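Listing of upload-v2.txt; format and content: compact mmCIF, C-alpha atoms and all ligand atoms.
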# COMPACT_ATOMS: atom_id res chain seq x y z
CA MET A 86 63.83 33.82 -17.09
CA HIS A 87 61.63 30.93 -18.08
CA ALA A 88 62.04 27.18 -18.08
CA VAL A 89 62.11 25.32 -21.38
CA GLU A 90 61.05 21.69 -21.45
CA VAL A 91 63.21 19.32 -23.45
CA PRO A 92 63.10 15.53 -23.34
CA GLY A 93 64.31 14.29 -19.99
CA ILE A 94 65.61 17.54 -18.56
CA VAL A 95 64.46 21.02 -17.75
CA VAL A 96 66.86 23.64 -18.99
CA LEU A 97 66.88 27.31 -18.35
CA SER A 98 66.78 30.11 -20.83
CA GLY A 99 69.08 32.64 -19.20
CA ASN A 100 69.14 36.42 -19.37
CA ASP A 101 71.77 36.32 -22.06
CA GLY A 102 69.43 34.38 -24.33
CA GLN A 103 71.59 31.28 -24.31
CA GLN A 104 69.66 28.12 -23.77
CA GLY A 105 70.57 25.25 -21.54
CA VAL A 106 73.22 24.83 -18.91
CA ARG A 107 76.48 26.05 -20.26
CA LEU A 108 79.60 24.03 -19.77
CA MET A 109 81.17 27.10 -18.19
CA ASP A 110 78.58 26.96 -15.40
CA PHE A 111 79.79 23.49 -14.45
CA GLU A 112 83.39 24.61 -14.85
CA GLN A 113 82.77 27.54 -12.55
CA VAL A 114 81.38 25.27 -9.83
CA ALA A 115 84.23 22.81 -10.32
CA GLN A 116 86.72 25.67 -10.01
CA TRP A 117 85.17 26.85 -6.76
CA LEU A 118 85.30 23.31 -5.40
CA ARG A 119 88.95 23.01 -6.40
CA GLU A 120 89.76 26.21 -4.55
CA SER A 121 87.63 25.43 -1.53
CA GLN A 122 88.81 24.03 1.78
CA ARG A 123 85.47 23.48 3.46
CA ALA A 124 82.73 22.75 0.94
CA VAL A 125 79.44 21.46 2.33
CA ALA A 126 76.42 19.92 0.58
CA PHE A 127 72.87 20.44 1.71
CA THR A 128 70.41 18.00 0.14
CA GLY A 129 66.64 17.63 -0.13
CA ALA A 130 64.12 15.29 -1.72
CA GLY A 131 65.26 16.14 -5.26
CA ILE A 132 68.43 14.08 -4.98
CA SER A 133 66.46 10.99 -3.94
CA THR A 134 63.59 11.24 -6.43
CA GLU A 135 66.18 10.09 -8.96
CA SER A 136 66.39 6.89 -6.88
CA GLY A 137 62.64 6.49 -7.22
CA ILE A 138 61.79 7.78 -3.75
CA PRO A 139 58.77 10.06 -3.98
CA ASP A 140 58.83 13.52 -2.50
CA PHE A 141 56.42 13.05 0.40
CA ARG A 142 54.97 16.50 -0.07
CA SER A 143 54.35 16.10 -3.78
CA PRO A 144 50.93 15.20 -5.23
CA GLY A 145 50.62 11.42 -4.89
CA GLY A 146 53.17 11.44 -2.08
CA VAL A 147 52.30 9.83 1.23
CA TRP A 148 51.16 13.11 2.82
CA ALA A 149 48.82 13.81 -0.06
CA ARG A 150 47.10 10.46 0.56
CA ASN A 151 47.07 10.54 4.35
CA LYS A 152 46.36 12.92 7.16
CA PRO A 153 49.62 13.10 9.09
CA VAL A 154 49.70 12.03 12.72
CA TYR A 155 51.07 14.82 14.87
CA TYR A 156 53.58 14.03 17.56
CA ASP A 157 51.37 15.02 20.49
CA GLU A 158 48.54 12.83 19.15
CA PHE A 159 50.98 9.96 18.76
CA LEU A 160 52.00 10.28 22.40
CA ALA A 161 48.46 10.84 23.66
CA ASN A 162 46.47 7.93 22.26
CA ALA A 163 46.71 4.39 20.97
CA GLU A 164 44.47 5.04 17.96
CA SER A 165 46.87 7.64 16.62
CA ARG A 166 49.80 5.27 17.14
CA GLN A 167 47.90 2.64 15.19
CA GLU A 168 47.29 5.08 12.33
CA TYR A 169 50.94 6.24 12.45
CA TRP A 170 52.21 2.69 12.10
CA ARG A 171 49.74 1.98 9.30
CA GLN A 172 51.02 4.99 7.35
CA LYS A 173 54.65 4.27 8.07
CA SER A 174 54.31 0.68 6.93
CA GLU A 175 52.76 1.94 3.72
CA ALA A 176 55.56 4.48 3.23
CA HIS A 177 58.11 1.77 3.97
CA VAL A 178 57.26 0.22 0.62
CA ASP A 179 58.41 3.44 -1.06
CA PHE A 180 61.85 2.99 0.47
CA ALA A 181 62.22 -0.74 0.07
CA GLY A 182 64.79 -1.68 -2.51
CA SER A 183 65.79 1.90 -3.33
CA VAL A 184 69.48 2.36 -3.99
CA PRO A 185 71.70 5.45 -4.19
CA ASN A 186 72.00 7.12 -7.58
CA VAL A 187 74.92 8.84 -9.27
CA GLY A 188 74.26 12.05 -7.30
CA HIS A 189 74.69 10.30 -3.94
CA GLY A 190 77.76 8.54 -5.34
CA VAL A 191 79.47 11.74 -6.46
CA LEU A 192 78.95 13.40 -3.06
CA ALA A 193 80.34 10.34 -1.27
CA SER A 194 83.42 10.31 -3.51
CA TRP A 195 83.98 14.02 -2.91
CA GLU A 196 83.96 13.44 0.81
CA GLN A 197 86.48 10.62 0.43
CA ASN A 198 88.64 12.91 -1.74
CA ARG A 199 88.39 15.68 0.85
CA ILE A 200 86.55 17.98 -1.50
CA LEU A 201 83.50 17.91 0.73
CA GLN A 202 83.31 18.26 4.52
CA GLY A 203 80.00 16.48 4.77
CA VAL A 204 76.34 16.42 3.89
CA ILE A 205 73.43 18.03 5.68
CA THR A 206 70.20 16.44 4.53
CA GLN A 207 66.46 16.80 4.88
CA ASN A 208 66.09 13.23 3.65
CA ILE A 209 65.30 10.28 5.89
CA ASP A 210 66.10 7.52 3.40
CA GLY A 211 69.71 6.78 4.40
CA LEU A 212 70.89 6.75 0.78
CA HIS A 213 73.85 9.07 1.41
CA GLN A 214 75.22 6.53 3.89
CA ASP A 215 74.52 3.68 1.48
CA ALA A 216 76.57 5.54 -1.13
CA GLY A 217 79.48 5.81 1.29
CA SER A 218 79.08 9.27 2.82
CA ARG A 219 80.33 9.25 6.40
CA ARG A 220 79.48 12.64 7.80
CA VAL A 221 75.73 12.94 7.24
CA ILE A 222 73.68 15.29 9.39
CA GLU A 223 70.06 14.15 9.17
CA LEU A 224 67.87 17.11 10.12
CA HIS A 225 64.69 15.06 10.00
CA GLY A 226 66.10 11.86 11.45
CA THR A 227 66.15 8.50 9.72
CA ALA A 228 63.50 6.07 8.55
CA ARG A 229 66.04 3.25 8.80
CA PHE A 230 65.49 2.83 12.52
CA VAL A 231 62.76 2.69 15.13
CA ASP A 232 63.41 3.97 18.64
CA CYS A 233 61.87 3.08 21.97
CA LEU A 234 60.63 6.36 23.41
CA SER A 235 61.16 5.11 26.98
CA CYS A 236 64.60 3.48 27.04
CA ALA A 237 65.96 4.69 23.66
CA ARG A 238 66.74 1.18 22.43
CA ARG A 239 67.10 1.31 18.67
CA TYR A 240 65.71 -1.30 16.27
CA GLU A 241 66.16 -1.94 12.55
CA VAL A 242 63.05 -0.68 10.83
CA ASP A 243 62.43 -3.84 8.77
CA GLN A 244 61.84 -6.13 11.74
CA MET A 245 59.48 -3.63 13.39
CA VAL A 246 57.41 -3.08 10.25
CA GLU A 247 57.20 -6.86 9.87
CA ARG A 248 55.97 -7.15 13.43
CA PHE A 249 53.33 -4.51 12.80
CA GLN A 250 52.20 -6.21 9.62
CA ALA A 251 52.09 -9.62 11.30
CA THR A 252 50.17 -8.56 14.41
CA GLY A 253 48.34 -5.43 13.30
CA ASN A 254 49.52 -3.74 16.48
CA PRO A 255 52.22 -1.10 16.92
CA PRO A 256 55.27 -2.97 18.21
CA THR A 257 56.44 -2.29 21.74
CA CYS A 258 59.98 -2.39 23.11
CA ASP A 259 61.33 -5.87 23.92
CA ASP A 260 63.27 -4.53 26.88
CA CYS A 261 60.83 -2.21 28.61
CA GLY A 262 57.49 -2.49 26.82
CA GLY A 263 57.70 1.18 25.84
CA ILE A 264 56.11 2.89 22.86
CA THR A 265 58.20 2.70 19.70
CA LYS A 266 58.37 5.20 16.87
CA HIS A 267 60.38 5.69 13.70
CA ALA A 268 63.53 7.71 14.31
CA THR A 269 62.22 10.52 12.13
CA ILE A 270 60.95 13.93 13.13
CA SER A 271 57.14 13.86 13.13
CA PHE A 272 54.78 16.68 12.33
CA GLY A 273 54.59 18.93 15.35
CA GLN A 274 57.85 17.53 16.75
CA GLN A 275 60.84 19.79 17.34
CA LEU A 276 64.03 19.14 15.44
CA GLN A 277 66.80 17.96 17.72
CA PRO A 278 68.67 21.05 18.87
CA GLN A 279 72.11 19.40 18.78
CA ILE A 280 71.51 18.31 15.16
CA VAL A 281 70.42 21.80 14.14
CA ASP A 282 73.45 23.25 15.95
CA GLU A 283 75.78 20.90 14.13
CA ALA A 284 74.19 21.75 10.77
CA THR A 285 74.38 25.45 11.53
CA SER A 286 78.03 25.39 12.53
CA LEU A 287 78.98 23.27 9.50
CA SER A 288 77.14 25.77 7.28
CA ARG A 289 78.81 28.71 8.95
CA SER A 290 82.26 27.20 8.39
CA ALA A 291 81.60 26.41 4.70
CA ASP A 292 83.39 28.25 1.93
CA VAL A 293 81.23 26.64 -0.74
CA MET A 294 77.63 25.63 -0.03
CA LEU A 295 75.99 23.33 -2.56
CA ALA A 296 72.22 23.34 -2.06
CA ILE A 297 71.01 20.29 -3.94
CA GLY A 298 67.47 19.14 -4.66
CA SER A 299 65.80 21.19 -1.98
CA SER A 300 63.00 23.65 -2.58
CA LEU A 301 64.62 25.68 0.24
CA VAL A 302 61.23 26.58 1.68
CA VAL A 303 60.96 24.55 4.92
CA GLU A 304 63.02 25.74 7.87
CA PRO A 305 65.84 25.32 8.66
CA ALA A 306 66.49 24.43 5.00
CA ALA A 307 65.76 27.98 3.98
CA SER A 308 68.20 29.41 6.52
CA LEU A 309 71.27 27.19 6.21
CA PRO A 310 72.34 28.39 2.73
CA ARG A 311 71.80 31.99 3.88
CA ILE A 312 73.91 31.36 6.98
CA ALA A 313 76.68 29.90 4.84
CA GLN A 314 76.59 32.77 2.41
CA ALA A 315 76.47 35.42 5.12
CA ALA A 316 79.63 33.82 6.55
CA GLY A 317 81.38 34.15 3.21
CA ALA A 318 80.57 30.95 1.31
CA ARG A 319 79.78 30.80 -2.37
CA LEU A 320 76.25 29.53 -2.78
CA VAL A 321 75.49 27.09 -5.60
CA ILE A 322 71.92 25.85 -6.09
CA LEU A 323 71.30 22.67 -8.06
CA ASN A 324 67.58 22.02 -8.37
CA ARG A 325 65.17 21.27 -11.17
CA ASP A 326 62.79 24.00 -10.04
CA GLU A 327 63.19 27.58 -8.94
CA THR A 328 63.83 28.26 -5.27
CA PRO A 329 63.25 31.41 -3.23
CA LEU A 330 67.03 31.77 -2.76
CA ASP A 331 67.97 31.67 -6.46
CA HIS A 332 68.44 35.44 -6.56
CA LEU A 333 71.07 35.18 -3.80
CA ALA A 334 73.04 32.34 -5.35
CA ASP A 335 76.41 32.70 -7.05
CA GLN A 336 75.38 29.96 -9.45
CA VAL A 337 72.03 28.26 -10.18
CA ILE A 338 71.84 25.10 -12.28
CA ARG A 339 68.35 23.79 -13.08
CA ARG A 340 68.80 20.35 -14.41
CA SER A 341 68.73 16.71 -13.35
CA ILE A 342 70.80 16.61 -10.18
CA GLY A 343 72.56 13.37 -11.02
CA GLU A 344 73.59 14.72 -14.42
CA SER A 345 74.79 18.03 -12.99
CA LEU A 346 76.91 16.38 -10.32
CA ARG A 347 78.31 13.92 -12.86
CA GLU A 348 79.31 16.81 -15.16
CA ILE A 349 81.00 18.74 -12.37
CA ASN A 350 82.72 15.58 -11.20
CA LYS A 351 83.98 14.89 -14.72
CA ILE A 352 85.62 18.33 -14.81
CA LEU A 353 87.13 17.79 -11.37
CA GLY A 354 88.49 14.47 -12.56
CA THR A 355 88.18 12.73 -9.18
ZN ZN A 401 62.47 0.36 25.73

Will you turn the file into structure tokens for me?
Amino acid sequence: MHAVEVPGIVVLSGNDGQQGVRLMDFEQVAQWLRESQRAVAFTGAGISTESGIPDFRSPGGVWARNKPVYYDEFLANAESRQEYWRQKSEAHVDFAGSVPNVGHGVLASWEQNRILQGVITQNIDGLHQDAGSRRVIELHGTARFVDCLSCARRYEVDQMVERFQATGNPPTCDDCGGITKHATISFGQQLQPQIVDEATSLSRSADVMLAIGSSLVVEPAASLPRIAQAAGARLVILNRDETPLDHLADQVIRRSIGESLREINKILGT
């Protein structure tokens, strides 16, 4: 197989020599969703790049420009906290003003129509919730909030970034003076076990697993679709690029995620 570039979208030349995504591929996915009782979506950066949010790991992304601050460094010294807040304030600009796109919207409507059980996401941008999704399991936390590491008080991110920009110092907790940090999982920080457990059990109970916009390389992203499939789910991968799990999938659609979801949704007629 090889990818063929056409204006705006990447299409796949399949083994049968047919080019592009065939309507029957979308119909097949729609059919599985119609038949399913417990479909689950797993999403990665690819669904949000269509909202203009850069993939942090991509060239030009925030981690290509900056040396990440590891969690133990953050805890250990004030200089690292300063650098962390500088980077986070810079990254905050990437999020500001971003709105959900059609892909987020379709997933939210499927949840409301009981087609989808919920969304597991690697994203920290909160756009699934903005689109109306209710059950969102955020593996890497959320950039929408800042937490006090001492008393767990939670703050809206905007006010804390403003405080950092105004004073040049990492903001401390109003209640206890504790260290504050974005409610995201940092480099070198463990994922929260209860979140991983919830994602794992939702995956295990799925009868259709839609893996959307994830390169499926980072753990546990690489494992959740496998867990779902091992437990009997059909695995559908929607991503512009190849993934290491493509050979396992029941259906792979390499195309703009928003367009793919819109096509499937059109067939479902929700
Ligand atoms: Zn506190």

**OP:** Identify, counting all atoms listed in the file, the protein, DNA and RNA residues located within 12 Å of ligand ZN 401 (chain A), and give them as a PyMOL selection string.
**Re:** chain A and resi 231-240+256-266

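Closest to Asp210 (chain A) among A:Asp157, A:Thr134, A:Ala193, A:Arg150 is A:Thr134, based on all atoms listed in the file.
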
Kindly assemble as a Markdown table a list of the region 169-259 of chain A residues that lie within 7 Å of region 343-353 of chain A, each paired with its nearest atom pair and their distance in Å to one decimal, using all atoms listed in the file, sorted first by chain and then by ascending residue number.
| residue | atom | partner | partner_atom | distance |
| --- | --- | --- | --- | --- |
| A:Val187 | CA | A:Gly343 | CA | 5.4 |
| A:Gly188 | CA | A:Gly343 | CA | 4.3 |
| A:Val191 | CA | A:Leu346 | CA | 6.6 |

Original post:
Counting only C-alpha atoms, which of A:His225, A:His267, A:Arg119, A:Arg325 gets nearest to His177 (chain A)?
Top reply: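 Result for the nearest residue to His177 (chain A): A:His267.
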
**OP:** Determine the nearest neighbour of Pro185 (chain A) from the options A:Gln275, A:Ser218, A:Ser165, A:Thr206, counting all atoms listed in the file.
**Re:** A:Ser218

**OP:** Find, counting only C-alpha atoms, the residue in A:Ala161, A:Val246, A:Ala251, A:Ile270 that gets nearest to Ile209 (chain A).
**Re:** A:Ile270

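Minimum atom-to-atom distance to Thr269 (chain A), evaluated using only C-alpha atoms, belongs to A:Ala228 out of A:Ala228, A:Ala316, A:Ala176, A:Ile138.
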
Subject >> Residue among A:Gln214, A:Ser194, A:Asn254, A:Ser121 lying closest to Tyr169 (chain A), counting all atoms listed in the file >> reply: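 Among A:Gln214, A:Ser194, A:Asn254, A:Ser121, it is A:Asn254 that comes nearest to Tyr169 (chain A).
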
**OP:** Record the distance separating CA of Leu320 (chain A) and CA of Asp335 (chain A), expressed in Å with one decimal.
**Re:**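 For CA of Leu320 (chain A) relative to CA of Asp335 (chain A), the distance reads 5.3 Å.
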
Original post:
Is there a way to get, as a VMD selection string, all residues within 10 Å of the point (70.8, 9.3, 17.6) in file coordinates, counting only C-alpha atoms?
Top reply: chain A and resid 223 226 to 227 230 232 237 239 268 277 280

**OP:** Give as a VMD selection string the set of residues within 12 Å of the point (85.9, 27.8, -2.6), where distances use the file's coordinates and all atoms listed in the file.
**Re:** chain A and resid 113 to 125 200 to 201 290 to 295 314 317 to 321 335

Original post:
Do you have the CA of Ala296 (chain A)-CA of Gly190 (chain A) distance handy?
Top reply: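 CA of Ala296 (chain A) sits 16.1 Å away from CA of Gly190 (chain A).
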
Original post:
CA of Gly129 (chain A) to CA of Ser183 (chain A): how many Å, to one decimal?
Top reply: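 For CA of Gly129 (chain A) relative to CA of Ser183 (chain A), the distance reads 16.1 Å.
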
Output, as lines of an AutoDock Vina configuration file, the centre and edge lengths in Å (one decimal) of the axis-aligned box that contains all listed atoms of region 190-194 of chain A with 3 Å of margin on each side.
center_x = 80.6
center_y = 11.0
center_z = -3.9
size_x = 11.7
size_y = 10.9
size_z = 11.2

Compile the contact shell of Gly137 (chain A) as a PDB file with C-alpha atoms, in the frame of the given file: residues with an atom at most 9 Å away, counting all atoms listed in the file, same-chain residues fewer than 6 positions apart removed.
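Printed below is result-v7.pdb as written:
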ATOM      1  CA  ASP A 179      58.410   3.440  -1.060  1.00  0.00           C
ATOM      2  CA  PHE A 180      61.850   2.990   0.470  1.00  0.00           C
ATOM      3  CA  SER A 183      65.790   1.900  -3.330  1.00  0.00           C
ATOM      4  CA  VAL A 184      69.480   2.360  -3.990  1.00  0.00           C
TER       5      VAL A 184
END

Subject >> Spatial neighbours of Tyr155 (chain A), 7 Å, only C-alpha atoms, chain gap at least 4 places, as a PyMOL selection string >> reply: chain A and resi 159+271-273

Could you please take those selected residues and save C-alpha atoms as a CSV table (one decimal), in the coordinates of the input?
chain,number,residue,atom,x,y,z
A,159,PHE,CA,51.0,10.0,18.8
A,271,SER,CA,57.1,13.9,13.1
A,272,PHE,CA,54.8,16.7,12.3
A,273,GLY,CA,54.6,18.9,15.4
